[in-house]
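S.K.: The structure file upload20.txt (compact mmCIF, C-alpha atoms) is provided below.
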# COMPACT_ATOMS: atom_id res chain seq x y z
CA MET A 1 3.13 -25.00 4.96
CA PRO A 2 3.78 -21.72 6.79
CA ALA A 3 2.23 -21.47 10.24
CA LEU A 4 -0.35 -18.91 11.30
CA HIS A 5 2.31 -16.99 13.24
CA ASP A 6 4.36 -16.35 10.10
CA TYR A 7 1.44 -14.62 8.41
CA LEU A 8 0.64 -12.64 11.55
CA ILE A 9 4.23 -11.44 11.85
CA VAL A 10 4.33 -10.34 8.20
CA ALA A 11 1.03 -8.50 8.71
CA ALA A 12 2.39 -6.83 11.88
CA ILE A 13 5.52 -5.65 10.05
CA LEU A 14 3.45 -4.25 7.17
CA PHE A 15 1.14 -2.49 9.63
CA ALA A 16 4.07 -0.93 11.49
CA ILE A 17 5.64 0.26 8.22
CA GLY A 18 2.31 1.82 7.24
CA ALA A 19 2.03 3.55 10.61
CA VAL A 20 5.55 4.97 10.29
CA GLY A 21 4.64 6.22 6.80
CA VAL A 22 1.55 8.00 8.10
CA LEU A 23 3.55 9.65 10.89
CA THR A 24 6.69 10.66 9.01
CA ARG A 25 5.61 11.78 5.54
CA ARG A 26 4.18 15.15 4.57
CA ASN A 27 2.81 14.35 1.13
CA ALA A 28 -0.93 13.68 1.61
CA ILE A 29 -1.05 11.09 -1.19
CA VAL A 30 1.82 9.07 0.34
CA ILE A 31 0.03 9.19 3.71
CA PHE A 32 -3.07 7.94 1.94
CA MET A 33 -1.10 5.04 0.40
CA SER A 34 0.33 4.17 3.82
CA ILE A 35 -3.22 3.92 5.16
CA GLU A 36 -4.05 1.53 2.33
CA LEU A 37 -1.00 -0.52 3.35
CA MET A 38 -2.25 -0.71 6.95
CA LEU A 39 -5.71 -1.79 5.78
CA ASN A 40 -4.10 -4.53 3.70
CA ALA A 41 -2.06 -5.76 6.64
CA VAL A 42 -5.29 -6.12 8.62
CA ASN A 43 -6.86 -7.96 5.69
CA LEU A 44 -3.97 -10.43 5.70
CA THR A 45 -4.56 -11.08 9.40
CA PHE A 46 -8.26 -11.67 8.75
CA VAL A 47 -7.62 -14.14 5.94
CA ALA A 48 -4.92 -16.00 7.89
CA PHE A 49 -7.17 -16.44 10.93
CA SER A 50 -10.08 -17.40 8.69
CA ARG A 51 -7.99 -20.11 7.04
CA TYR A 52 -6.57 -21.52 10.25
CA LEU A 53 -9.87 -21.48 12.15
CA GLY A 54 -11.81 -22.87 9.19
CA ASN A 55 -14.34 -20.05 9.44
CA ILE A 56 -15.32 -17.98 6.40
CA ASP A 57 -16.61 -14.94 8.31
CA GLY A 58 -13.19 -13.30 8.31
CA GLN A 59 -13.02 -13.39 4.54
CA ILE A 60 -16.44 -11.73 4.29
CA PHE A 61 -15.09 -9.02 6.57
CA VAL A 62 -12.16 -8.55 4.18
CA LEU A 63 -14.64 -7.79 1.41
CA PHE A 64 -16.25 -5.12 3.60
CA VAL A 65 -12.85 -3.62 4.41
CA MET A 66 -12.12 -3.43 0.69
CA THR A 67 -15.44 -1.64 0.12
CA VAL A 68 -14.64 0.90 2.81
CA ALA A 69 -11.15 1.37 1.33
CA ALA A 70 -12.68 2.06 -2.09
CA CYS A 71 -15.07 4.64 -0.60
CA GLU A 72 -12.18 6.18 1.30
CA ALA A 73 -10.13 6.40 -1.91
CA ALA A 74 -12.93 8.22 -3.73
CA VAL A 75 -13.68 10.72 -0.95
CA GLY A 76 -10.05 11.19 0.13
CA LEU A 77 -8.78 11.90 -3.36
CA ALA A 78 -11.66 14.33 -3.96
CA LEU A 79 -10.64 16.10 -0.74
CA MET A 80 -7.04 16.28 -1.97
CA ILE A 81 -8.12 17.82 -5.27
CA ALA A 82 -10.23 20.39 -3.39
CA PHE A 83 -7.31 21.16 -1.08
CA TYR A 84 -4.90 21.48 -3.99
CA LYS A 85 -7.24 23.99 -5.65
CA ASN A 86 -7.08 26.16 -2.54
CA ARG A 87 -3.42 25.90 -1.53
CA GLU A 88 -1.54 24.78 -4.68
CA SER A 89 0.04 22.02 -2.56
CA ILE A 90 -0.84 18.75 -0.86
CA ASP A 91 1.60 19.19 2.01
CA VAL A 92 -0.24 18.22 5.19
CA GLU A 93 1.69 20.81 7.21
CA LYS A 94 -0.18 23.47 5.22
CA MET A 95 -3.54 22.11 6.40
CA ASN A 96 -3.49 24.37 9.43
CA LEU A 97 -6.79 26.26 9.47
CA LEU A 98 -8.04 24.26 12.46
CA LYS A 99 -4.72 24.31 14.31
CA TRP A 100 -4.17 26.45 17.37
CA MET B 1 10.14 -26.99 2.46
CA PRO B 2 9.84 -25.35 -0.99
CA GLU B 3 6.62 -23.77 0.23
CA ALA B 4 8.42 -22.20 3.19
CA ILE B 5 11.15 -20.80 0.91
CA PHE B 6 8.46 -19.41 -1.40
CA PHE B 7 6.62 -17.88 1.57
CA TYR B 8 9.73 -16.15 2.92
CA SER B 9 10.74 -14.78 -0.47
CA VAL B 10 7.25 -13.37 -1.08
CA ALA B 11 7.24 -11.93 2.45
CA ALA B 12 10.61 -10.30 1.80
CA VAL B 13 9.35 -8.73 -1.43
CA ALA B 14 6.21 -7.49 0.35
CA ILE B 15 8.19 -5.89 3.19
CA ILE B 16 10.80 -4.34 0.90
CA SER B 17 8.13 -2.83 -1.35
CA ALA B 18 6.27 -1.57 1.74
CA ILE B 19 9.46 0.16 2.89
CA LEU B 20 9.88 1.64 -0.60
CA VAL B 21 6.30 3.01 -0.40
CA ILE B 22 7.19 5.19 2.57
CA SER B 23 10.76 6.03 1.55
CA CYS B 24 10.51 7.01 -2.14
CA LYS B 25 10.61 10.74 -2.82
CA ASN B 26 8.46 10.58 -5.94
CA PRO B 27 4.81 9.59 -5.22
CA ILE B 28 4.64 7.68 -8.52
CA ASN B 29 7.42 5.34 -7.35
CA SER B 30 5.59 4.89 -4.05
CA ALA B 31 2.42 3.99 -5.94
CA LEU B 32 4.22 1.39 -8.07
CA SER B 33 5.81 -0.16 -4.97
CA LEU B 34 2.37 -0.29 -3.39
CA VAL B 35 1.06 -2.22 -6.42
CA MET B 36 3.92 -4.69 -5.88
CA ALA B 37 2.96 -5.06 -2.20
CA PHE B 38 -0.68 -5.67 -3.21
CA PHE B 39 0.39 -8.42 -5.60
CA CYS B 40 2.42 -10.07 -2.83
CA LEU B 41 -0.66 -10.00 -0.61
CA ALA B 42 -2.68 -11.60 -3.42
CA VAL B 43 -0.06 -14.39 -3.52
CA PHE B 44 -0.52 -14.82 0.25
CA TYR B 45 -4.27 -15.13 -0.25
CA VAL B 46 -3.72 -17.88 -2.83
CA MET B 47 -1.43 -19.68 -0.37
CA LEU B 48 -4.18 -19.35 2.26
CA ASN B 49 -6.75 -21.08 0.00
CA ALA B 50 -8.64 -17.88 -0.74
CA PRO B 51 -8.35 -17.55 -4.54
CA PHE B 52 -11.48 -15.38 -4.88
CA LEU B 53 -10.03 -12.82 -2.48
CA ALA B 54 -6.75 -12.87 -4.40
CA VAL B 55 -8.57 -11.98 -7.62
CA VAL B 56 -10.59 -9.29 -5.86
CA GLN B 57 -7.38 -7.92 -4.34
CA VAL B 58 -5.74 -7.58 -7.76
CA MET B 59 -8.85 -6.17 -9.41
CA ILE B 60 -9.96 -3.68 -6.77
CA TYR B 61 -6.72 -2.65 -5.07
CA ALA B 62 -4.07 -3.05 -7.76
CA GLY B 63 -6.61 -2.15 -10.43
CA ALA B 64 -9.23 0.35 -9.40
CA ILE B 65 -7.83 2.09 -6.31
CA MET B 66 -4.26 2.40 -7.60
CA VAL B 67 -5.46 3.73 -10.96
CA LEU B 68 -7.42 6.36 -9.06
CA ILE B 69 -4.39 7.30 -6.93
CA ILE B 70 -2.01 7.47 -9.91
CA PHE B 71 -4.60 9.48 -11.84
CA VAL B 72 -4.75 12.04 -9.04
CA ILE B 73 -0.94 12.17 -8.73
CA MET B 74 -0.67 12.91 -12.45
CA LEU B 75 -3.62 15.30 -12.41
CA LEU B 76 -2.13 17.42 -9.64
CA ASN B 77 1.31 17.23 -11.29
CA ILE B 78 3.17 17.97 -8.08
CA GLN B 79 6.32 19.79 -9.14
CA VAL B 80 7.34 21.11 -5.76
CA GLU B 81 8.83 18.32 -3.70
CA THR B 82 7.09 18.32 -0.34
CA GLY B 83 9.96 17.94 2.08
CA LYS B 84 10.32 15.52 4.91
CA ARG B 85 8.98 16.26 8.33
CA SER B 86 11.31 17.79 10.88
CA THR B 87 13.80 15.42 12.48
CA HIS B 88 12.00 15.06 15.79
CA GLY B 89 8.81 14.20 13.89
CA ILE B 90 10.61 11.37 12.07
CA ILE B 91 12.13 10.10 15.33
CA ILE B 92 8.78 10.13 17.12
CA GLY B 93 7.15 8.38 14.17
CA GLY B 94 9.85 5.71 14.15
CA VAL B 95 9.53 5.17 17.89
CA ILE B 96 5.76 4.79 17.63
CA GLY B 97 6.17 2.31 14.77
CA LEU B 98 8.68 0.32 16.80
CA VAL B 99 6.31 0.28 19.78
CA ILE B 100 3.48 -1.01 17.56
CA LEU B 101 5.79 -3.71 16.20
CA CYS B 102 6.95 -4.78 19.69
CA GLU B 103 3.39 -4.86 21.04
CA THR B 104 2.03 -6.94 18.17
CA GLY B 105 5.06 -9.22 18.29
CA TYR B 106 4.59 -9.75 22.01
CA LEU B 107 0.88 -10.49 21.59
CA ILE B 108 1.54 -12.88 18.69
CA SER B 109 4.25 -14.78 20.56
CA THR B 110 2.43 -15.07 23.89
CA GLY B 111 -1.28 -15.02 23.03
CA ALA B 112 -3.41 -18.10 22.57
CA ILE B 113 -6.14 -18.47 19.97
CA SER B 114 -9.47 -19.21 21.56
CA ALA B 115 -12.20 -19.31 18.96
CA GLY B 116 -14.63 -21.86 17.67
CA ARG B 117 -13.37 -23.78 14.69
CA GLY B 118 -15.57 -23.70 11.63
CA LEU B 119 -16.25 -26.25 8.94
CA MET B 120 -14.25 -24.73 6.11
CA ASP B 121 -11.19 -26.76 5.16
CA GLN B 122 -9.23 -27.49 2.04
CA ALA B 123 -11.40 -30.44 1.04
CA LEU B 124 -14.58 -28.35 1.22
CA ILE B 125 -12.99 -25.49 -0.75
CA THR B 126 -11.85 -27.90 -3.45
CA LYS B 127 -15.25 -29.60 -3.58
CA VAL B 128 -17.63 -26.64 -3.42
CA GLY B 129 -15.41 -23.80 -4.62
CA HIS B 130 -14.26 -20.71 -2.77
CA THR B 131 -16.43 -18.29 -4.73
CA GLU B 132 -19.58 -20.25 -3.95
CA LEU B 133 -18.72 -20.41 -0.24
CA ILE B 134 -18.15 -16.63 -0.15
CA GLY B 135 -21.33 -15.98 -2.12
CA LYS B 136 -23.48 -18.17 0.12
CA ALA B 137 -22.14 -16.45 3.24
CA LEU B 138 -22.43 -12.97 1.73
CA PHE B 139 -26.03 -13.37 0.54
CA GLY B 140 -27.09 -15.47 3.53
CA ASP B 141 -25.83 -14.48 6.95
CA PHE B 142 -24.38 -11.17 5.83
CA LEU B 143 -27.19 -9.93 3.59
CA LEU B 144 -28.03 -6.86 5.69
CA PRO B 145 -24.41 -5.59 5.96
CA PHE B 146 -24.07 -6.21 2.23
CA GLU B 147 -27.08 -4.01 1.53
CA ILE B 148 -25.79 -1.31 3.90
CA THR B 149 -22.55 -1.36 1.90
CA SER B 150 -24.50 -0.09 -1.11
CA LEU B 151 -25.62 2.94 0.93
CA LEU B 152 -21.99 3.58 1.91
CA LEU B 153 -20.91 3.47 -1.73
CA LEU B 154 -23.73 5.82 -2.71
CA ALA B 155 -22.71 8.29 0.00
CA ALA B 156 -19.06 8.07 -1.11
CA VAL B 157 -19.95 8.74 -4.76
CA ILE B 158 -22.11 11.74 -3.87
CA GLY B 159 -19.47 13.04 -1.47
CA ALA B 160 -16.69 12.73 -4.05
CA VAL B 161 -18.74 14.58 -6.68
CA VAL B 162 -19.68 17.36 -4.26
CA LEU B 163 -16.13 17.80 -2.97
CA ALA B 164 -14.37 17.82 -6.33
CA ARG B 165 -16.78 20.03 -8.31
CA LYS B 166 -16.02 23.59 -9.22
CA LYS B 167 -17.19 26.23 -6.83
CA ALA B 168 -20.62 27.55 -7.78
Would you mind writing the file out in C-alpha cells?
M.R.:
Amino acid sequence: MPALHDYLIVAAILFAIGAVGVLTRRNAIVIFMSIELMLNAVNLTFVAFSRYLGNIDGQIFVLFVMTVAACEAAVGLALMIAFYKNRESIDVEKMNLLKW
Amino acid sequence: MPEAIFFYSVAAVAIISAILVISCKNPINSALSLVMAFFCLAVFYVMLNAPFLAVVQVMIYAGAIMVLIIFVIMLLNIQVETGKRSTHGIIIGGVIGLVILCETGYLISTGAISAGRGLMDQALITKVGHTELIGKALFGDFLLPFEITSLLLLAAVIGAVVLARKKA
C-alpha cells in the first residue's frame, strides 16, 4: 500500500497549485475555488497522518475544516454577490477602495 | 502492486484536474475540474480507511459547496472575461508556488514523525466501524468544539443573509 510520504507529496503538490491559483488569477470565484483546493490538500494531510499514526483526532479536525469551508463558502459568495452589485464585475483588481 | 498503480493514477487525475482548476478560462470548467479533484480526494480517503470522511467529502464539498459556487457563477452570468494578471504577477505567483513546493518537499523528505501512536488500526475500524469511531470521538472528547461549530454556522448564515440582501 502507498506510504505516508506519497500522500504527503500529493497533498503538497495540490497545495502549491492552489497557492499559484490564488496568486495568479483575477476572477474572485476562481480564487475562491483555489482556496477550497488548498483546504482539501490540508485535509488529505490530516487524514494520512491520522491513518498512519492510528489516531482519530486528525479526522475529527477534518470535519471542523469542512465546517469552516462551508461557512466560508456562504459568506464569501454573499460578499461576491454584493461586490458584483456595486461594480458589475468580480475582478479582484477592481477591489481597490482600500488600496493606496 | 495493483494498489500502487491505482494510487498513482488517482494522484495523476487529482493533480491534472487541480491544474485545470487554475488554468481554465471559463469558471464553470474550473468548477467541474474542482469536483473531479474532490472525487479523487474521496478515493484517497477510502484508501486511507476513512470511508465516512469520503462520503462527507462527496456530500458536502462535491455536493453542497460546489452547487453553491456554480449557482453563483450562473447567477452573476459573467460575460466579460476577466483577464489574466500582468506578466510579472504570474511570474511572482509561480515562483512563490515553487518555493512552497520545494519547502514542503524538503520537510517531507528530511523530517521525522514524532507523535504518539494511537489505537486505531484496520482491525478496529472493521470491527467497530469508522462512523461509530468518529461519532464517539466527536461527541466525547470534542463535544465543546462541536457545539462551538454550531455558533460559527449561525454567524455564517446571518452574515450571508445580511451581506446579500437588497439595500434598505
S.K.: Leaving out Ile113 of chain B and any residue of its chain fewer than 5 positions from it, which residues lie within 10 Å of it when counting all atoms listed in the file, given as an mmCIF file with C-alpha atoms, in the coordinates of the input?
M.R.:
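Final file, part37.cif:
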data_model
loop_
_atom_site.group_PDB
_atom_site.id
_atom_site.type_symbol
_atom_site.label_atom_id
_atom_site.label_comp_id
_atom_site.auth_asym_id
_atom_site.auth_seq_id
_atom_site.Cartn_x
_atom_site.Cartn_y
_atom_site.Cartn_z
ATOM 1 C CA PHE A 49 -7.170 -16.440 10.930
ATOM 2 C CA LEU A 53 -9.870 -21.480 12.150
ATOM 3 C CA ILE B 108 1.540 -12.880 18.690
#
S.K.: With distances taken over all atoms listed in the file, which of A:Cys71, A:Arg26, A:Thr45, A:Val92 is nearest to Leu4 of chain A?
M.R.: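 Once distances to Leu4 of chain A are computed over all atoms listed in the file, the minimum belongs to A:Thr45.
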S.K.: Restrict the distance test to all atoms listed in the file, flag each residue of chain B within 7 Å of chain A, and return the flagged residues as a VMD selection string.
M.R.: chain B and resid 3 to 4 11 15 18 to 19 22 27 48 65 72 82 to 85 89 to 90 93 to 94 97 100 to 101 104 to 105 108 117 to 121 134 138 153 156 159 to 160 163 to 164
S.K.: Near Val43 of chain B, within 12 Å and counting all atoms listed in the file, which residues show up once chain neighbours fewer than 5 positions away are dropped, as a PyMOL selection string?
M.R.: (chain A and resi 44) or (chain B and resi 6-11+13-14+36-38+48-58)
S.K.: Could you please determine the separation between atom CA of Cys102 of chain B and atom CA of Ser30 of chain B in Å, to one decimal place?
M.R.: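 Atom CA of Ser30 of chain B lies 25.7 Å from atom CA of Cys102 of chain B.
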S.K.: Just the number, please: distance in Å from atom CA of Cys40 of chain B to atom CA of Met59 of chain B, one decimal.
M.R.: 13.6 Å
